[in-house]
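Below: one structure, written as structure tokens.
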Amino acid sequence: MKMFSKSMIFYILLFSVNIKAQDYDGKLPPAENNCNGIFLSYVFISRTKELPHVKNATAQAWAFKATATVLNAGIYELKNWKIFIGFQNRELLVSASNAVLLSGDDLPAPVGNGTYLAGYPQTDLKTSIDTAGDVKKIQAEIELTGTQFGIKPPGYPMPKTIKLFNDGYKCPAVKRKATKMHVCCLKDPKFKVKNFTTKFFPRQNGDLLISYDVMQAYTTNYQAQVTIQNSNPLGRLDQWNLTWEWMRGEFIYSMRGAYTRKKDYSNCVYGAAGQYYKDFDFSKVLNCEKKPTIADLPRERAQDKDVGMLPFCCRNGSIMPTVMDATNSKSVFQLQVYKLPPDLNLTALYPPERWKIVGLLNPDYKCGQALRVDDAQFLDPTGLHATVTAIASWQIVCNITKPKDKANRCCVSYSAYYNDSAIPCNTCACGCDNSAKCSQHAPGLLLPPEALLVPFANRREKSLYWAKLKHYRVPKQLPCGDNCGVTINWHIDSNYKSGWTARITLFNWGAVNFVDWFVGIQFKKTGSGFAQAFSFNGTLLRNINDTIFLKGLPGLNYLMAEVDGRKPGDPRVPGKQQSVLRFNKKHLKGIDILKGDGFPTKLLFNGEECALPTHLLAADGRKWHAKSWVIAMITLLTFLLMLKDLQ
């Protein structure tokens with residue numbers, strides 16, 4: 001065997017070292033190489049002091065830069081990735097590349113209690129095995145900029161934690177060192193994986209489901225159809241306004257079945273679209289806003305050949321609950337969207353993000369990110385027994401959120417036969433102007449029941465006289481009003497051995513009529529005893545927590561707006577609807593109407609949850625018993641008086 005020279009041995013060793021160096025990817029530090037799951041990291045880069053400069057360190061604002069990384073180091077594809085960053089220094093997030101806020105909020109956004117981020121446009125992270133180690137396909141890097149407060153140098157304003165928010169993964173405690181932190185999240189062996197038969201993420205359930213379906217695609221533009229489907233039996237939208245944010249410079253050329261609140265093409269002419277489409281006639285473009293506001297067309301445009309002629313369109317923005325009108329529980333419109341480089345090919349399709357939808361007096365909906373789902377299928381519009389498949393589909397799930405304190409849009413007052421006073425709506429139930437010369441925290445004064453019929457501005461003398469007559473305490477600064485456009489009075493009318501009755505009165509203090517209104521009422525114990533509504537159409541929804549669903553009978557389905565009094569100087573008169581409800585006690589055990597079981601625990605008007613009083617009426621030590629025939633006479637008399645009012 002021929003001996004090797006020293007120089008040959010040196011080159012062999014050098015070649016061996018190079019091979020080993022290629023086996024180890026120099027871009028990945030050892031912590032990432034040792035992870036067999038999803039590797040998350042957060043690196044604080046820098047910060048600079050912002051104006052104004054203050055001496056108090058905790059009040060000083062700092063502009064910071066950081067980078068968060070999500071790397072799929074495992075053997076399973078990570079679909080629709082989501083992470084949580086536990087910010088804790090009153091951070092205000094100004095920008096986040098390659099991600100959007102999972103809440104759908106606009107930036108800048110306060111994130112001092114932590115925030116959830118979702119991938120955009122790269123929602124899925126493939127495995128290194130499937131991509132031959134292509135870092136661009138297995139990793140997402142998020143560049144974060146924002147403002148944080150406190151922690152003067154040399155301290156580091158790091159988050160509490162960072163973790164993966166996808167189902168089926170468990171993240172241990174993070175490892176940290178100075179300006180860096182990381183964690184390796186592994187598959188949870190106890191998590192039961194669902195066997196999906198779909199190519200993309202399965203469709204989700206929610207209160208309001210929005211589908212964004214691309215029906216036709218061209219090199220520079222595409223046609224999309226948007227479907228808004230109400231899936232909550234007590235949810236509703238009136239005169240809906242839908243907004244989103246274009247993330248890649250798109251603009252709306254035309255629409256059918258809806259319109260944009262603003263028709264303006266100046267942003268295209270002076271922006272990137274004008275630079276690329278130099279010979280384009282932008283005067284025909286419908287909207288070039290980054291955040292357009294879209295509304296439904298009125299009913300009279302439904303048969304318009306230019307903008308109408310589309311099923312489920314043109315209802316003036318009304319989307320009804322399924323229990324009320326299933327055929328009117330969704331809206332549909334179409335739009336033609338133009339794209340900009342580098343998305344000029346048939347398959348470069350991206351939906352808008354940061355979806356929001358609001359109604360006139362309806363629930364608050366919080367919408368998530370656009371989620372890629374299997375392509376939607378539709379009936380052939382020509383009438384043939386065939387289906388048409390969308391080119392690409394995304395789903396946006398919106399859920400109803402409970403109104404924050406003093407942010408309701410309707411409220412409830414209480415009264416009862418066993419107490420002379422009525423409890424008004426909560427102070428500032430629907431918000432208050434900070435400049436108001438009244439107490440925003442003092443509870444409302446007890447009133448004589450007839451005072452509920454007049455506007456708050458006309459109740460002052462009545463409430464003060466009533467307090468003096470009843471020896472009630474009056475605060476130095478009188479409480480503010482409820483400031484609600486719709487108020488509802490719940491009055492316990494009677495209580496007897498086999499049942500009880502209540503009277504509900506709806507007041508509209510606003511300037512808009514409510515058509516086809518509805519009320520949903522829930523009780524802690526007594527809802528299942530509902531027997532009859534005398535002037536409304538009443539239904540007991542046993543599968544929805546024994547909710548009593550009320551709507552107007554034909555001719556009584558309008559809750560009219562407030563009008564002037566009969567004479568100059570008279571108080572304004574609200575629109576009003578009223579009915580008596582009858583309840584049975586036969587199958588109810590342990591209820592006590594005098595101790596509050598007759599008052600609702602939740603009341604909805606057109607899907608909006610109304611603010612309830614914080615305390616109940618006392619029985620004044622008096623109990624009232626009556627024979628059934630007496631109750632029947634009272635109920636009949638009330639009903640006749642209501643008919644007289646309607647005439």
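If you're wondering about the labels, chains in the structure tokens are A, B, ... by order shown, residues count from 1 in each chain, ligands from 1 in order shown.
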Spatial neighbours of Cys411 in chain A, max dist 10 Å, only C-alpha atoms, sep filter under 3 positions, as an NGL selection string: :A and (408 or 424-426 or 428-430 or 482-489 or 603-605 or 608-613)
Just to be explicit: take each residue in the selection above, keep N, CA and C atoms, and write the result as a CSV table (one decimal), in the first residue's frame.
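Once everything was written out, this is again-v2.csv:
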```csv
chain,number,residue,atom,x,y,z
A,408,ASN,N,-72.8,49.3,26.5
A,408,ASN,CA,-73.9,48.7,25.9
A,408,ASN,C,-74.6,49.7,25.0
A,424,PRO,N,-84.3,52.4,37.6
A,424,PRO,CA,-84.0,52.9,36.2
A,424,PRO,C,-82.8,52.1,35.7
A,425,CYS,N,-82.5,52.3,34.4
A,425,CYS,CA,-81.3,51.7,33.8
A,425,CYS,C,-80.1,52.2,34.6
A,426,ASN,N,-79.0,51.4,34.5
A,426,ASN,CA,-77.8,51.8,35.1
A,426,ASN,C,-77.3,53.1,34.7
A,428,CYS,N,-75.0,55.6,33.0
A,428,CYS,CA,-74.0,55.5,31.9
A,428,CYS,C,-74.0,54.1,31.3
A,429,ALA,N,-75.1,53.4,31.3
A,429,ALA,CA,-75.2,52.1,30.8
A,429,ALA,C,-74.6,52.0,29.4
A,430,CYS,N,-74.9,53.0,28.6
A,430,CYS,CA,-74.4,53.1,27.2
A,430,CYS,C,-73.4,54.1,27.0
A,482,ASP,N,-78.8,57.0,31.3
A,482,ASP,CA,-78.2,55.8,30.8
A,482,ASP,C,-77.7,56.0,29.3
A,483,ASN,N,-78.2,57.1,28.6
A,483,ASN,CA,-77.7,57.4,27.3
A,483,ASN,C,-77.9,56.3,26.3
A,484,CYS,N,-79.0,55.5,26.4
A,484,CYS,CA,-79.2,54.4,25.5
A,484,CYS,C,-80.3,54.7,24.6
A,485,GLY,N,-80.2,54.3,23.3
A,485,GLY,CA,-81.2,54.6,22.3
A,485,GLY,C,-82.4,53.7,22.5
A,486,VAL,N,-82.3,52.5,23.1
A,486,VAL,CA,-83.4,51.6,23.3
A,486,VAL,C,-83.3,51.2,24.8
A,487,THR,N,-84.5,51.4,25.5
A,487,THR,CA,-84.6,50.9,26.9
A,487,THR,C,-85.8,50.0,27.0
A,488,ILE,N,-85.7,49.0,27.9
A,488,ILE,CA,-86.8,48.0,28.1
A,488,ILE,C,-87.1,47.9,29.5
A,489,ASN,N,-88.4,48.1,29.8
A,489,ASN,CA,-88.9,47.9,31.2
A,489,ASN,C,-89.5,46.5,31.4
A,603,LEU,N,-81.0,39.7,28.7
A,603,LEU,CA,-82.0,40.2,27.8
A,603,LEU,C,-81.3,40.8,26.6
A,604,LEU,N,-81.7,40.3,25.4
A,604,LEU,CA,-81.2,40.8,24.2
A,604,LEU,C,-82.2,41.5,23.4
A,605,PHE,N,-81.8,42.6,22.7
A,605,PHE,CA,-82.6,43.3,21.8
A,605,PHE,C,-81.9,43.3,20.4
A,608,GLU,N,-78.3,42.3,20.5
A,608,GLU,CA,-77.4,43.1,21.4
A,608,GLU,C,-77.8,42.8,22.9
A,609,GLU,N,-76.8,42.4,23.7
A,609,GLU,CA,-77.1,42.2,25.1
A,609,GLU,C,-77.2,43.5,25.8
A,610,CYS,N,-78.4,43.6,26.5
A,610,CYS,CA,-78.7,44.9,27.2
A,610,CYS,C,-78.2,44.9,28.6
A,611,ALA,N,-77.8,46.0,29.1
A,611,ALA,CA,-77.3,46.2,30.5
A,611,ALA,C,-78.5,46.0,31.5
A,612,LEU,N,-78.3,45.1,32.5
A,612,LEU,CA,-79.3,44.9,33.5
A,612,LEU,C,-79.0,45.6,34.7
A,613,PRO,N,-80.0,46.0,35.5
A,613,PRO,CA,-79.8,46.7,36.8
A,613,PRO,C,-78.9,45.8,37.7
```
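Excluding Thr293 in chain A and any residue on its chain fewer than 2 positions from it, the residues at most 8 Å away by only C-alpha atoms are Asn241, Leu242, Thr243, Trp244, Thr260, Arg261, Lys262, Lys291 and Ala295 of chain A.
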Let's have the selection written as a PDB file, in the first residue's frame, with N, CA, C and O atoms.
```pdb
ATOM      1  N   ASN A 241     -72.079  47.129   7.993  1.00  0.00           N
ATOM      2  CA  ASN A 241     -70.935  47.753   7.332  1.00  0.00           C
ATOM      3  C   ASN A 241     -69.730  46.841   7.538  1.00  0.00           C
ATOM      4  O   ASN A 241     -69.354  46.545   8.678  1.00  0.00           O
ATOM      5  N   LEU A 242     -69.134  46.399   6.445  1.00  0.00           N
ATOM      6  CA  LEU A 242     -68.012  45.468   6.481  1.00  0.00           C
ATOM      7  C   LEU A 242     -66.736  46.195   6.057  1.00  0.00           C
ATOM      8  O   LEU A 242     -66.723  46.912   5.062  1.00  0.00           O
ATOM      9  N   THR A 243     -65.672  46.006   6.836  1.00  0.00           N
ATOM     10  CA  THR A 243     -64.374  46.588   6.482  1.00  0.00           C
ATOM     11  C   THR A 243     -63.308  45.502   6.527  1.00  0.00           C
ATOM     12  O   THR A 243     -63.434  44.523   7.253  1.00  0.00           O
ATOM     13  N   TRP A 244     -62.277  45.707   5.717  1.00  0.00           N
ATOM     14  CA  TRP A 244     -61.088  44.850   5.751  1.00  0.00           C
ATOM     15  C   TRP A 244     -59.903  45.686   5.316  1.00  0.00           C
ATOM     16  O   TRP A 244     -60.038  46.859   4.956  1.00  0.00           O
ATOM     17  N   THR A 260     -69.241  50.421  -1.993  1.00  0.00           N
ATOM     18  CA  THR A 260     -68.318  51.002  -1.023  1.00  0.00           C
ATOM     19  C   THR A 260     -68.851  52.367  -0.602  1.00  0.00           C
ATOM     20  O   THR A 260     -69.367  53.129  -1.427  1.00  0.00           O
ATOM     21  N   ARG A 261     -68.703  52.660   0.685  1.00  0.00           N
ATOM     22  CA  ARG A 261     -69.217  53.939   1.207  1.00  0.00           C
ATOM     23  C   ARG A 261     -68.520  55.141   0.570  1.00  0.00           C
ATOM     24  O   ARG A 261     -69.075  56.237   0.511  1.00  0.00           O
ATOM     25  N   LYS A 262     -67.308  54.913   0.096  1.00  0.00           N
ATOM     26  CA  LYS A 262     -66.554  55.996  -0.535  1.00  0.00           C
ATOM     27  C   LYS A 262     -66.113  55.565  -1.923  1.00  0.00           C
ATOM     28  O   LYS A 262     -65.507  54.501  -2.079  1.00  0.00           O
ATOM     29  N   LYS A 291     -58.381  50.431   3.357  1.00  0.00           N
ATOM     30  CA  LYS A 291     -59.398  49.885   4.256  1.00  0.00           C
ATOM     31  C   LYS A 291     -60.785  50.350   3.792  1.00  0.00           C
ATOM     32  O   LYS A 291     -61.343  51.300   4.335  1.00  0.00           O
ATOM     33  N   ALA A 295     -71.070  48.285   2.162  1.00  0.00           N
ATOM     34  CA  ALA A 295     -72.435  48.201   2.681  1.00  0.00           C
ATOM     35  C   ALA A 295     -73.330  47.481   1.679  1.00  0.00           C
ATOM     36  O   ALA A 295     -73.048  47.450   0.471  1.00  0.00           O
TER      37      ALA A 295
END
```
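Nearest residue to Gly444 in chain A among A:Ile391, A:Cys480, A:Val580, A:Leu379 is A:Cys480, counting only C-alpha atoms.
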When DSSP works through the backbone of this structure, what residues of range 127-328 of chain A end up as helix (DSSP H, G or I), shown as a PyMOL selection string? chain A and resi 128-131+135-138+266-269+272-276+282-284+299-301+326-328
Could you give me the residues within range 474-633 of chain A that DSSP places in strand (DSSP E), as a PyMOL selection string? chain A and resi 486-496+499-508+514-515+518-522+530-533+536-541+547-552+558-559+575-584+602-605+608-609
Selected residues, C-alpha atoms, written as an mmCIF file, in the first residue's frame, please.
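Okay, this is what ended up in selection.cif:
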```cif
data_model
loop_
_atom_site.group_PDB
_atom_site.id
_atom_site.type_symbol
_atom_site.label_atom_id
_atom_site.label_comp_id
_atom_site.auth_asym_id
_atom_site.auth_seq_id
_atom_site.Cartn_x
_atom_site.Cartn_y
_atom_site.Cartn_z
ATOM 1 C CA VAL A 486 -83.383 51.592 23.337
ATOM 2 C CA THR A 487 -84.595 50.889 26.875
ATOM 3 C CA ILE A 488 -86.772 48.013 28.068
ATOM 4 C CA ASN A 489 -88.889 47.930 31.188
ATOM 5 C CA TRP A 490 -89.545 44.568 32.840
ATOM 6 C CA HIS A 491 -92.500 44.791 35.206
ATOM 7 C CA ILE A 492 -93.677 41.911 37.402
ATOM 8 C CA ASP A 493 -97.432 42.258 37.127
ATOM 9 C CA SER A 494 -98.737 39.541 39.452
ATOM 10 C CA ASN A 495 -97.840 36.450 41.422
ATOM 11 C CA TYR A 496 -100.228 33.658 42.322
ATOM 12 C CA GLY A 499 -98.198 31.100 37.981
ATOM 13 C CA TRP A 500 -97.240 34.719 37.534
ATOM 14 C CA THR A 501 -97.339 37.451 34.886
ATOM 15 C CA ALA A 502 -94.966 40.120 33.667
ATOM 16 C CA ARG A 503 -95.237 43.081 31.326
ATOM 17 C CA ILE A 504 -92.449 44.013 28.935
ATOM 18 C CA THR A 505 -92.320 47.471 27.346
ATOM 19 C CA LEU A 506 -89.871 48.485 24.620
ATOM 20 C CA PHE A 507 -88.915 52.160 24.252
ATOM 21 C CA ASN A 508 -87.126 53.614 21.231
ATOM 22 C CA PHE A 514 -86.575 49.202 14.018
ATOM 23 C CA VAL A 515 -88.257 46.830 11.572
ATOM 24 C CA PHE A 518 -86.918 40.767 18.346
ATOM 25 C CA VAL A 519 -86.185 40.260 22.040
ATOM 26 C CA GLY A 520 -84.516 37.265 23.687
ATOM 27 C CA ILE A 521 -85.011 36.720 27.433
ATOM 28 C CA GLN A 522 -83.276 34.233 29.738
ATOM 29 C CA PHE A 530 -93.260 30.507 29.844
ATOM 30 C CA ALA A 531 -96.802 29.881 28.614
ATOM 31 C CA GLN A 532 -98.055 32.797 26.493
ATOM 32 C CA ALA A 533 -97.376 36.273 25.110
ATOM 33 C CA PHE A 536 -96.257 39.515 20.697
ATOM 34 C CA ASN A 537 -95.364 36.302 18.971
ATOM 35 C CA GLY A 538 -93.621 34.350 21.739
ATOM 36 C CA THR A 539 -91.647 31.108 21.429
ATOM 37 C CA LEU A 540 -89.771 29.136 24.070
ATOM 38 C CA LEU A 541 -86.410 27.955 22.705
ATOM 39 C CA THR A 547 -84.743 31.474 25.942
ATOM 40 C CA ILE A 548 -88.049 33.269 25.380
ATOM 41 C CA PHE A 549 -87.994 34.630 21.818
ATOM 42 C CA LEU A 550 -90.374 37.553 21.215
ATOM 43 C CA LYS A 551 -91.159 39.329 17.954
ATOM 44 C CA GLY A 552 -93.933 41.577 16.766
ATOM 45 C CA TYR A 558 -92.178 48.221 13.870
ATOM 46 C CA LEU A 559 -90.607 49.935 16.861
ATOM 47 C CA GLY A 575 -91.692 54.664 20.115
ATOM 48 C CA LYS A 576 -93.282 51.952 22.254
ATOM 49 C CA GLN A 577 -94.308 48.300 22.084
ATOM 50 C CA GLN A 578 -95.784 46.345 24.994
ATOM 51 C CA SER A 579 -97.060 42.896 25.881
ATOM 52 C CA VAL A 580 -98.041 40.850 28.922
ATOM 53 C CA LEU A 581 -96.374 37.455 29.377
ATOM 54 C CA ARG A 582 -97.856 34.582 31.366
ATOM 55 C CA PHE A 583 -95.813 31.937 33.186
ATOM 56 C CA ASN A 584 -96.726 28.637 34.873
ATOM 57 C CA LYS A 602 -80.017 38.124 30.337
ATOM 58 C CA LEU A 603 -81.987 40.172 27.829
ATOM 59 C CA LEU A 604 -81.170 40.755 24.170
ATOM 60 C CA PHE A 605 -82.599 43.304 21.759
ATOM 61 C CA GLU A 608 -77.393 43.054 21.410
ATOM 62 C CA GLU A 609 -77.060 42.178 25.098
#
```
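For Leu186 in chain A, the list of residues within 12 Å, based on only C-alpha atoms and with local chain neighbours fewer than 6 positions off taken out, reads A:Asn34, A:Cys35, A:Asn36, A:Gly37, A:Ile38, A:Phe39, A:Leu40, A:Asn72, A:Ala73, A:Gly74, A:Ile75, A:Tyr76, A:Leu78, A:Lys163, A:Leu164, A:Phe165, A:Asn166, A:Asp167, A:Gly168, A:Tyr169, A:Lys170, A:Cys171, A:Pro172.
Using only C-alpha atoms, the smallest distance between any of A:Thr48, A:Gln395, A:Asn287, A:Gln88 and Pro352 in chain A comes from A:Gln395.
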Set the distance at 6 Å and use only C-alpha atoms: which residues neighbour Leu446 in chain A once local chain neighbours fewer than 2 positions away are removed? I'd like the list as number ranges by chain. A: 421-423
Could you check how far CA of Ile45 in chain A sits from CA of Ala178 in chain A, in Å to one decimal? 11.1 Å
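Atom to atom, CA of Gly607 in chain A and CA of Arg236 in chain A stand 5.4 Å apart.
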Which residues are close to range 272-281 of chain A, i.e. within 9 Å by only C-alpha atoms, leaving aside same-chain residues fewer than 2 positions away? Reply as a list in words. Gly249, Glu250, Phe251, Asn267, Cys268, Val269, Tyr270, Ser283, Lys284, Val285, Lys339, Leu340 and Pro341 of chain A
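Note that the spacing between CA of Pro571 in chain A and CA of Pro448 in chain A amounts to 16.7 Å.
The nearest approach to Phe599 in chain A among the residues A:Arg176, A:Lys524, A:Lys49, A:Arg90, with only C-alpha atoms taken into account, belongs to A:Lys524.
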Distance query Ile162 in chain A at most 8 Å, only C-alpha atoms, self and fewer than 3 positions along chain excluded, as a list in words: Leu40, Ser41, Tyr42, Ile83, Phe84, Ile85, Gly86, Pro159, Val174, His182 and Val183 of chain A
If we count only C-alpha atoms, what is near range 150-152 of chain A at a cut-off of 8 Å, once residues fewer than 2 positions away on the same chain are taken out, given as an mmCIF file with all heavy atoms, in the first residue's frame?
```cif
data_model
loop_
_atom_site.group_PDB
_atom_site.id
_atom_site.type_symbol
_atom_site.label_atom_id
_atom_site.label_comp_id
_atom_site.auth_asym_id
_atom_site.auth_seq_id
_atom_site.Cartn_x
_atom_site.Cartn_y
_atom_site.Cartn_z
ATOM 1 N N ALA A 57 -38.866 56.993 35.453
ATOM 2 C CA ALA A 57 -38.443 55.909 34.562
ATOM 3 C C ALA A 57 -39.614 55.057 34.095
ATOM 4 O O ALA A 57 -39.648 54.590 32.951
ATOM 5 C CB ALA A 57 -37.406 55.034 35.256
ATOM 6 N N THR A 58 -40.606 54.844 34.975
ATOM 7 C CA THR A 58 -41.744 53.994 34.600
ATOM 8 C C THR A 58 -42.658 54.674 33.598
ATOM 9 O O THR A 58 -43.455 54.004 32.933
ATOM 10 C CB THR A 58 -42.548 53.614 35.843
ATOM 11 O OG1 THR A 58 -43.027 54.803 36.484
ATOM 12 C CG2 THR A 58 -41.708 52.804 36.817
ATOM 13 N N ALA A 59 -42.565 56.002 33.462
ATOM 14 C CA ALA A 59 -43.413 56.731 32.528
ATOM 15 C C ALA A 59 -42.702 57.051 31.218
ATOM 16 O O ALA A 59 -43.326 57.577 30.294
ATOM 17 C CB ALA A 59 -43.906 58.028 33.172
ATOM 18 N N GLN A 60 -41.425 56.732 31.129
ATOM 19 C CA GLN A 60 -40.667 57.033 29.920
ATOM 20 C C GLN A 60 -40.995 56.041 28.810
ATOM 21 O O GLN A 60 -40.990 54.829 29.003
ATOM 22 C CB GLN A 60 -39.169 57.011 30.206
ATOM 23 C CG GLN A 60 -38.298 57.285 28.999
ATOM 24 C CD GLN A 60 -38.557 58.660 28.392
ATOM 25 O OE1 GLN A 60 -38.498 59.664 29.087
ATOM 26 N NE2 GLN A 60 -38.869 58.704 27.107
ATOM 27 N N ALA A 61 -41.279 56.568 27.631
ATOM 28 C CA ALA A 61 -41.581 55.731 26.467
ATOM 29 C C ALA A 61 -40.309 55.443 25.685
ATOM 30 O O ALA A 61 -39.463 56.317 25.502
ATOM 31 C CB ALA A 61 -42.605 56.429 25.578
ATOM 32 N N TRP A 62 -40.207 54.196 25.216
ATOM 33 C CA TRP A 62 -39.060 53.749 24.431
ATOM 34 C C TRP A 62 -39.555 53.083 23.147
ATOM 35 O O TRP A 62 -40.462 52.265 23.187
ATOM 36 C CB TRP A 62 -38.214 52.743 25.206
ATOM 37 C CG TRP A 62 -37.627 53.266 26.483
ATOM 38 C CD1 TRP A 62 -38.251 53.409 27.682
ATOM 39 C CD2 TRP A 62 -36.282 53.707 26.691
ATOM 40 N NE1 TRP A 62 -37.402 53.906 28.620
ATOM 41 C CE2 TRP A 62 -36.170 54.100 28.044
ATOM 42 C CE3 TRP A 62 -35.154 53.788 25.863
ATOM 43 C CZ2 TRP A 62 -34.983 54.582 28.584
ATOM 44 C CZ3 TRP A 62 -33.967 54.267 26.410
ATOM 45 C CH2 TRP A 62 -33.886 54.659 27.752
ATOM 46 N N ASN A 89 -44.800 45.184 29.463
ATOM 47 C CA ASN A 89 -44.320 46.525 29.783
ATOM 48 C C ASN A 89 -45.137 47.605 29.080
ATOM 49 O O ASN A 89 -44.596 48.542 28.519
ATOM 50 C CB ASN A 89 -42.836 46.655 29.412
ATOM 51 C CG ASN A 89 -41.969 45.692 30.192
ATOM 52 O OD1 ASN A 89 -41.887 45.778 31.418
ATOM 53 N ND2 ASN A 89 -41.331 44.759 29.494
ATOM 54 N N GLN A 148 -42.643 50.769 24.317
ATOM 55 C CA GLN A 148 -42.806 50.162 25.637
ATOM 56 C C GLN A 148 -42.388 51.185 26.693
ATOM 57 O O GLN A 148 -41.692 52.156 26.403
ATOM 58 C CB GLN A 148 -41.999 48.869 25.751
ATOM 59 C CG GLN A 148 -40.521 49.010 25.552
ATOM 60 C CD GLN A 148 -39.760 49.315 26.841
ATOM 61 O OE1 GLN A 148 -40.198 48.952 27.925
ATOM 62 N NE2 GLN A 148 -38.638 50.002 26.707
ATOM 63 N N PRO A 154 -29.473 49.472 32.261
ATOM 64 C CA PRO A 154 -29.155 48.384 31.327
ATOM 65 C C PRO A 154 -30.149 47.224 31.359
ATOM 66 O O PRO A 154 -29.835 46.140 30.873
ATOM 67 C CB PRO A 154 -27.784 47.924 31.822
ATOM 68 C CG PRO A 154 -27.861 48.117 33.303
ATOM 69 C CD PRO A 154 -28.691 49.361 33.501
ATOM 70 N N GLY A 155 -31.350 47.400 31.933
ATOM 71 C CA GLY A 155 -32.334 46.329 31.943
ATOM 72 C C GLY A 155 -32.875 46.052 30.552
ATOM 73 O O GLY A 155 -32.795 46.892 29.645
ATOM 74 N N TYR A 156 -33.440 44.854 30.370
ATOM 75 C CA TYR A 156 -33.965 44.461 29.071
ATOM 76 C C TYR A 156 -35.474 44.255 29.165
ATOM 77 O O TYR A 156 -35.942 43.471 29.992
ATOM 78 C CB TYR A 156 -33.311 43.164 28.586
ATOM 79 C CG TYR A 156 -31.809 43.234 28.500
ATOM 80 C CD1 TYR A 156 -31.022 42.385 29.264
ATOM 81 C CD2 TYR A 156 -31.176 44.147 27.660
ATOM 82 C CE1 TYR A 156 -29.637 42.445 29.192
ATOM 83 C CE2 TYR A 156 -29.802 44.216 27.581
ATOM 84 C CZ TYR A 156 -29.028 43.366 28.356
ATOM 85 O OH TYR A 156 -27.670 43.425 28.282
ATOM 86 N N PRO A 157 -36.252 44.956 28.343
ATOM 87 C CA PRO A 157 -37.726 44.811 28.388
ATOM 88 C C PRO A 157 -38.183 43.563 27.642
ATOM 89 O O PRO A 157 -38.704 43.635 26.532
ATOM 90 C CB PRO A 157 -38.213 46.087 27.703
ATOM 91 C CG PRO A 157 -37.117 46.419 26.726
ATOM 92 C CD PRO A 157 -35.833 45.970 27.364
#
```
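Take the candidates A:Val563, A:Val70, A:Gly527, A:Gly481 and check each one against Ala511 in chain A using only C-alpha atoms; the shortest distance goes to A:Val563.
When only C-alpha atoms are used to compute distances to Leu453 in chain A, the closest of the residues A:His441, A:Arg299, A:Arg572, A:Lys497 turns out to be A:Arg572.
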